[in-house]
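For reference, run_23.txt (compact mmCIF, C-alpha atoms):
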```txt
# COMPACT_ATOMS: atom_id res chain seq x y z
CA MET A 169 104.71 238.08 76.32
CA LYS A 170 105.52 236.29 79.59
CA LYS A 171 101.84 236.27 80.55
CA ILE A 172 100.80 234.76 77.22
CA THR A 173 103.45 232.04 77.51
CA LEU A 174 102.32 231.23 81.06
CA LEU A 175 98.68 231.18 79.95
CA ILE A 176 99.46 228.79 77.06
CA ALA A 177 101.51 226.55 79.37
CA PHE A 178 98.69 226.54 81.94
CA ILE A 179 96.05 225.65 79.31
CA GLY A 180 98.33 222.94 77.92
CA MET A 181 98.77 221.39 81.36
CA ILE A 182 95.02 221.37 81.99
CA THR A 183 94.33 219.88 78.56
CA LEU A 184 96.90 217.09 78.92
CA GLN A 185 95.79 216.32 82.44
CA SER A 186 92.18 215.79 81.36
CA CYS A 187 93.09 213.05 78.87
CA THR A 188 92.24 209.60 80.20
CA VAL A 189 92.36 206.10 78.85
CA ASN A 190 89.12 204.13 79.12
CA GLU A 191 90.92 200.78 79.28
CA VAL A 192 90.75 200.94 83.07
CA GLN A 193 87.01 200.28 82.92
CA ASP A 194 87.49 197.19 80.74
CA ASN A 195 90.55 195.59 82.28
CA VAL A 196 89.50 192.07 81.29
CA ASP A 197 90.86 191.31 77.85
CA ASN A 198 89.40 187.91 76.98
CA ASP A 199 91.33 187.45 73.75
CA THR A 200 94.77 187.71 75.34
CA ILE A 201 94.36 185.45 78.35
CA ALA A 202 96.23 182.17 78.33
CA GLU A 203 94.17 179.23 79.57
CA VAL A 204 94.74 175.65 80.64
CA PHE A 205 92.28 172.77 80.34
CA GLU A 206 92.78 169.35 81.84
CA LEU A 207 91.63 166.01 80.47
CA ARG A 208 91.84 163.64 83.42
CA ASN A 209 91.81 159.84 83.19
CA VAL A 210 90.85 159.71 79.52
CA ASN A 211 91.18 156.72 77.21
CA PHE A 212 92.41 156.73 73.64
CA SER A 213 89.95 155.33 71.10
CA TYR A 214 91.10 153.03 68.33
CA ASN A 215 90.62 154.12 64.70
CA ASN A 216 90.26 151.07 62.43
CA SER A 217 90.96 153.00 59.22
CA THR A 218 94.28 154.46 60.40
CA GLY A 219 95.24 151.71 62.82
CA GLY A 220 96.06 154.29 65.49
CA TYR A 221 94.69 155.63 68.74
CA PHE A 222 93.26 159.12 69.29
CA ILE A 223 91.48 161.49 71.70
CA TYR A 224 89.33 164.17 70.07
CA ARG A 225 87.79 167.24 71.73
CA SER A 226 86.02 170.36 70.48
CA LEU A 227 87.11 173.79 71.67
CA ASN A 228 84.25 175.84 73.03
CA PRO A 229 84.59 178.73 72.61
CA GLN A 230 86.72 178.52 69.51
CA ILE A 231 90.19 180.00 69.60
CA TYR A 232 91.58 182.65 67.25
CA ASP A 233 93.60 181.74 64.15
CA SER A 234 96.68 183.34 65.70
CA ASP A 235 96.45 181.33 68.95
CA ASN A 236 98.76 178.44 69.69
CA VAL A 237 98.13 175.20 71.58
CA LEU A 238 100.58 173.22 73.70
CA ILE A 239 99.68 169.81 75.09
CA TYR A 240 101.37 168.14 78.05
CA ARG A 241 100.98 164.52 79.18
CA MET A 242 101.25 163.60 82.84
CA SER A 243 104.00 161.00 82.68
CA ASP A 244 104.52 160.39 86.39
CA LEU A 245 103.70 161.53 89.91
CA ILE A 246 106.46 162.46 92.34
CA ASP A 247 103.84 162.51 95.10
CA SER A 248 100.06 163.06 95.16
CA ASN A 249 100.51 166.83 94.65
CA THR A 250 103.44 166.87 92.20
CA PRO A 251 102.75 165.61 88.68
CA VAL A 252 105.47 165.38 86.02
CA TRP A 253 104.37 166.95 82.71
CA GLN A 254 105.93 166.14 79.33
CA LEU A 255 105.35 168.28 76.27
CA ILE A 256 104.10 166.35 73.27
CA PRO A 257 104.98 165.40 70.58
CA ARG A 258 107.01 162.84 72.47
CA THR A 259 108.54 159.49 71.61
CA LEU A 260 108.85 156.88 74.36
CA TYR A 261 111.36 154.07 73.88
CA LEU A 262 109.92 150.97 75.54
CA ASN A 263 110.94 147.31 75.54
CA GLU A 264 108.05 146.64 73.14
CA GLY A 265 109.18 149.33 70.69
CA GLU A 266 108.62 153.04 70.12
CA LEU A 267 105.44 154.82 71.23
CA ASP A 268 104.69 158.25 69.79
CA TYR A 269 102.32 160.87 71.19
CA ASP A 270 101.43 163.71 68.84
CA PHE A 271 98.58 166.18 68.31
CA ASP A 272 97.03 168.62 65.91
CA PHE A 273 94.63 171.49 66.44
CA SER A 274 92.43 173.98 64.66
CA ARG A 275 90.33 176.91 65.81
CA GLU A 276 87.54 174.45 66.60
CA ASP A 277 89.14 171.31 68.01
CA PHE A 278 92.21 169.25 68.80
CA THR A 279 93.19 165.60 68.47
CA ILE A 280 95.84 163.76 70.46
CA TYR A 281 97.34 160.69 68.78
CA ALA A 282 99.15 157.62 70.10
CA ASP A 283 100.90 155.34 67.64
CA GLY A 284 103.90 153.08 67.71
CA THR A 285 106.07 150.44 66.15
CA TYR A 286 104.18 147.70 68.04
CA ASN A 287 100.60 146.85 69.02
CA LEU A 288 99.83 149.47 71.70
CA SER A 289 97.17 147.28 73.29
CA VAL A 290 99.97 145.28 74.97
CA THR A 291 100.84 148.40 77.02
CA PRO A 292 97.41 149.67 78.18
CA GLU A 293 99.02 151.90 80.82
CA TYR A 294 100.05 154.23 77.96
CA ILE A 295 96.65 154.49 76.24
CA PHE A 296 94.13 154.27 79.12
CA ASN A 297 93.58 156.57 82.11
CA GLN A 298 95.84 159.28 80.70
CA THR A 299 95.86 162.90 81.90
CA PHE A 300 96.67 165.81 79.61
CA ARG A 301 96.86 169.57 80.04
CA ILE A 302 95.97 171.70 77.05
CA VAL A 303 97.52 175.19 77.19
CA ILE A 304 96.04 177.84 74.89
CA ILE A 305 98.42 180.72 74.27
CA PRO A 306 96.87 183.74 72.54
CA GLY A 307 98.66 185.00 69.44
CA TYR A 308 99.11 188.34 71.18
CA PHE A 309 101.86 186.83 73.34
CA SER A 310 103.93 185.80 70.33
CA ASN A 311 104.15 189.46 69.28
CA ARG A 312 105.37 190.85 72.57
CA SER A 313 109.03 191.07 73.42
CA ALA A 314 109.10 188.69 76.38
CA THR A 315 111.96 186.50 77.41
CA GLN A 316 112.20 183.15 75.70
CA VAL A 317 110.01 180.54 77.40
CA ASP A 318 111.12 176.92 77.70
CA PHE A 319 107.97 175.20 76.41
CA ASN A 320 109.28 171.83 77.60
CA ASP A 321 108.90 173.08 81.18
CA TYR A 322 105.17 173.20 81.99
CA ASN A 323 105.73 175.23 85.16
CA ALA A 324 107.81 177.82 83.27
CA VAL A 325 105.00 178.17 80.71
CA ILE A 326 102.23 178.77 83.23
CA GLU A 327 104.45 181.26 85.08
CA ALA A 328 105.46 183.12 81.92
CA TYR A 329 101.86 183.51 80.76
CA GLY A 330 100.43 184.35 84.18
CA ILE A 331 98.25 181.26 84.47
CA ASN A 332 96.86 180.61 87.93
CA PRO A 333 97.06 176.85 88.63
CA ALA A 334 93.76 177.12 90.53
CA SER A 335 92.01 178.29 87.35
CA ILE A 336 92.64 175.09 85.35
CA LYS A 337 89.33 173.87 83.91
CA ARG A 338 88.52 170.19 83.49
CA ILE A 339 86.91 169.16 80.22
```
In structure tokens, what does this structure look like?
Amino acid sequence: MKKITLLIAFIGMITLQSCTVNEVQDNVDNDTIAEVFELRNVNFSYNNSTGGYFIYRSLNPQIYDSDNVLIYRMSDLIDSNTPVWQLIPRTLYLNEGELDYDFDFSREDFTIYADGTYNLSVTPEYIFNQTFRIVIIPGYFSNRSATQVDFNDYNAVIEAYGINPASIKRI
């Protein structure tokens, strides 16, 4: 009886040891990688029918329905290597009135809007030569039990989602 038990244990150990997971060969999972794109020195276009300003871009490749998009506007520079990023939507309270930045997105594209309680053309520094960072967060990340990320803090977001700042693509 002891020999049979030892034999079964030995066979069980060999069987379990031979099981492998093939995920090692395909360690690049393209649908769960967060990405950042930068729009540098872009100008808002004026839309006569809505009376507002916008920036429109297509997403290529398209994102998944479960993915999320965050957009940050470079609001200042501390020095030439240290930009200040503000999450939009954002309302700026200026002497001229209120200026609102907002956006929407789909699987195929995104649009950034600028609108306000005054004629935005009197403050061209807020509608011309703007820089934005578009962060695409795969839906997979919303299902995992990670610590809460402060989305207002751009640096916390790229750290939490493992984004390499050197991999930011300009579009």
Open item on the list: Given the point (86.2, 176.8, 72.7) in the file's coordinates, find the residues that have an atom at most 9 Å from it, counting all atoms listed in the file, and give them as a PyMOL selection string.
Closed with: chain A and resi 226-231+275-277
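Minimum distance to A:Thr279 across A:Arg301, A:Arg258, A:Arg225, A:Arg241 (counting only C-alpha atoms) occurs at A:Arg225.
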Can you tell me which residues surround stretch 280-290 of chain A at a distance of at most 12 Å, considering only C-alpha atoms, apart from same-chain residues fewer than 6 positions away, and format the answer as a PDB file with C-alpha atoms, in the frame of the given file?
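Saved the output as part-v3.pdb:
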```pdb
ATOM      1  CA  LEU A 207      91.630 166.010  80.470  1.00  0.00           C
ATOM      2  CA  VAL A 210      90.850 159.710  79.520  1.00  0.00           C
ATOM      3  CA  ASN A 211      91.180 156.720  77.210  1.00  0.00           C
ATOM      4  CA  PHE A 212      92.410 156.730  73.640  1.00  0.00           C
ATOM      5  CA  SER A 213      89.950 155.330  71.100  1.00  0.00           C
ATOM      6  CA  TYR A 214      91.100 153.030  68.330  1.00  0.00           C
ATOM      7  CA  ASN A 215      90.620 154.120  64.700  1.00  0.00           C
ATOM      8  CA  THR A 218      94.280 154.460  60.400  1.00  0.00           C
ATOM      9  CA  GLY A 219      95.240 151.710  62.820  1.00  0.00           C
ATOM     10  CA  GLY A 220      96.060 154.290  65.490  1.00  0.00           C
ATOM     11  CA  TYR A 221      94.690 155.630  68.740  1.00  0.00           C
ATOM     12  CA  PHE A 222      93.260 159.120  69.290  1.00  0.00           C
ATOM     13  CA  ILE A 223      91.480 161.490  71.700  1.00  0.00           C
ATOM     14  CA  TYR A 224      89.330 164.170  70.070  1.00  0.00           C
ATOM     15  CA  ARG A 225      87.790 167.240  71.730  1.00  0.00           C
ATOM     16  CA  SER A 226      86.020 170.360  70.480  1.00  0.00           C
ATOM     17  CA  VAL A 237      98.130 175.200  71.580  1.00  0.00           C
ATOM     18  CA  LEU A 238     100.580 173.220  73.700  1.00  0.00           C
ATOM     19  CA  ILE A 239      99.680 169.810  75.090  1.00  0.00           C
ATOM     20  CA  TYR A 240     101.370 168.140  78.050  1.00  0.00           C
ATOM     21  CA  ARG A 241     100.980 164.520  79.180  1.00  0.00           C
ATOM     22  CA  ILE A 256     104.100 166.350  73.270  1.00  0.00           C
ATOM     23  CA  PRO A 257     104.980 165.400  70.580  1.00  0.00           C
ATOM     24  CA  ARG A 258     107.010 162.840  72.470  1.00  0.00           C
ATOM     25  CA  THR A 259     108.540 159.490  71.610  1.00  0.00           C
ATOM     26  CA  LEU A 260     108.850 156.880  74.360  1.00  0.00           C
ATOM     27  CA  TYR A 261     111.360 154.070  73.880  1.00  0.00           C
ATOM     28  CA  LEU A 262     109.920 150.970  75.540  1.00  0.00           C
ATOM     29  CA  ASN A 263     110.940 147.310  75.540  1.00  0.00           C
ATOM     30  CA  GLU A 264     108.050 146.640  73.140  1.00  0.00           C
ATOM     31  CA  GLY A 265     109.180 149.330  70.690  1.00  0.00           C
ATOM     32  CA  GLU A 266     108.620 153.040  70.120  1.00  0.00           C
ATOM     33  CA  LEU A 267     105.440 154.820  71.230  1.00  0.00           C
ATOM     34  CA  ASP A 268     104.690 158.250  69.790  1.00  0.00           C
ATOM     35  CA  TYR A 269     102.320 160.870  71.190  1.00  0.00           C
ATOM     36  CA  ASP A 270     101.430 163.710  68.840  1.00  0.00           C
ATOM     37  CA  PHE A 271      98.580 166.180  68.310  1.00  0.00           C
ATOM     38  CA  ASP A 272      97.030 168.620  65.910  1.00  0.00           C
ATOM     39  CA  PHE A 273      94.630 171.490  66.440  1.00  0.00           C
ATOM     40  CA  PHE A 296      94.130 154.270  79.120  1.00  0.00           C
ATOM     41  CA  GLN A 298      95.840 159.280  80.700  1.00  0.00           C
ATOM     42  CA  THR A 299      95.860 162.900  81.900  1.00  0.00           C
ATOM     43  CA  PHE A 300      96.670 165.810  79.610  1.00  0.00           C
ATOM     44  CA  ARG A 301      96.860 169.570  80.040  1.00  0.00           C
ATOM     45  CA  ILE A 302      95.970 171.700  77.050  1.00  0.00           C
TER      46      ILE A 302
END
```
Taking all atoms of stretch 207-219 of chain A that appear in the file, build a box with edges along x, y and z, extend it by 4 Å on every side, and state its centre and edge lengths in Å to one decimal, as lines of an AutoDock Vina configuration file.
```
center_x = 92.6
center_y = 158.5
center_z = 71.3
size_x = 13.3
size_y = 22.9
size_z = 32.2
```
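For the pair atom CA of A:Asp318 and atom CA of A:Ile246, the interatomic distance is 21.1 Å.
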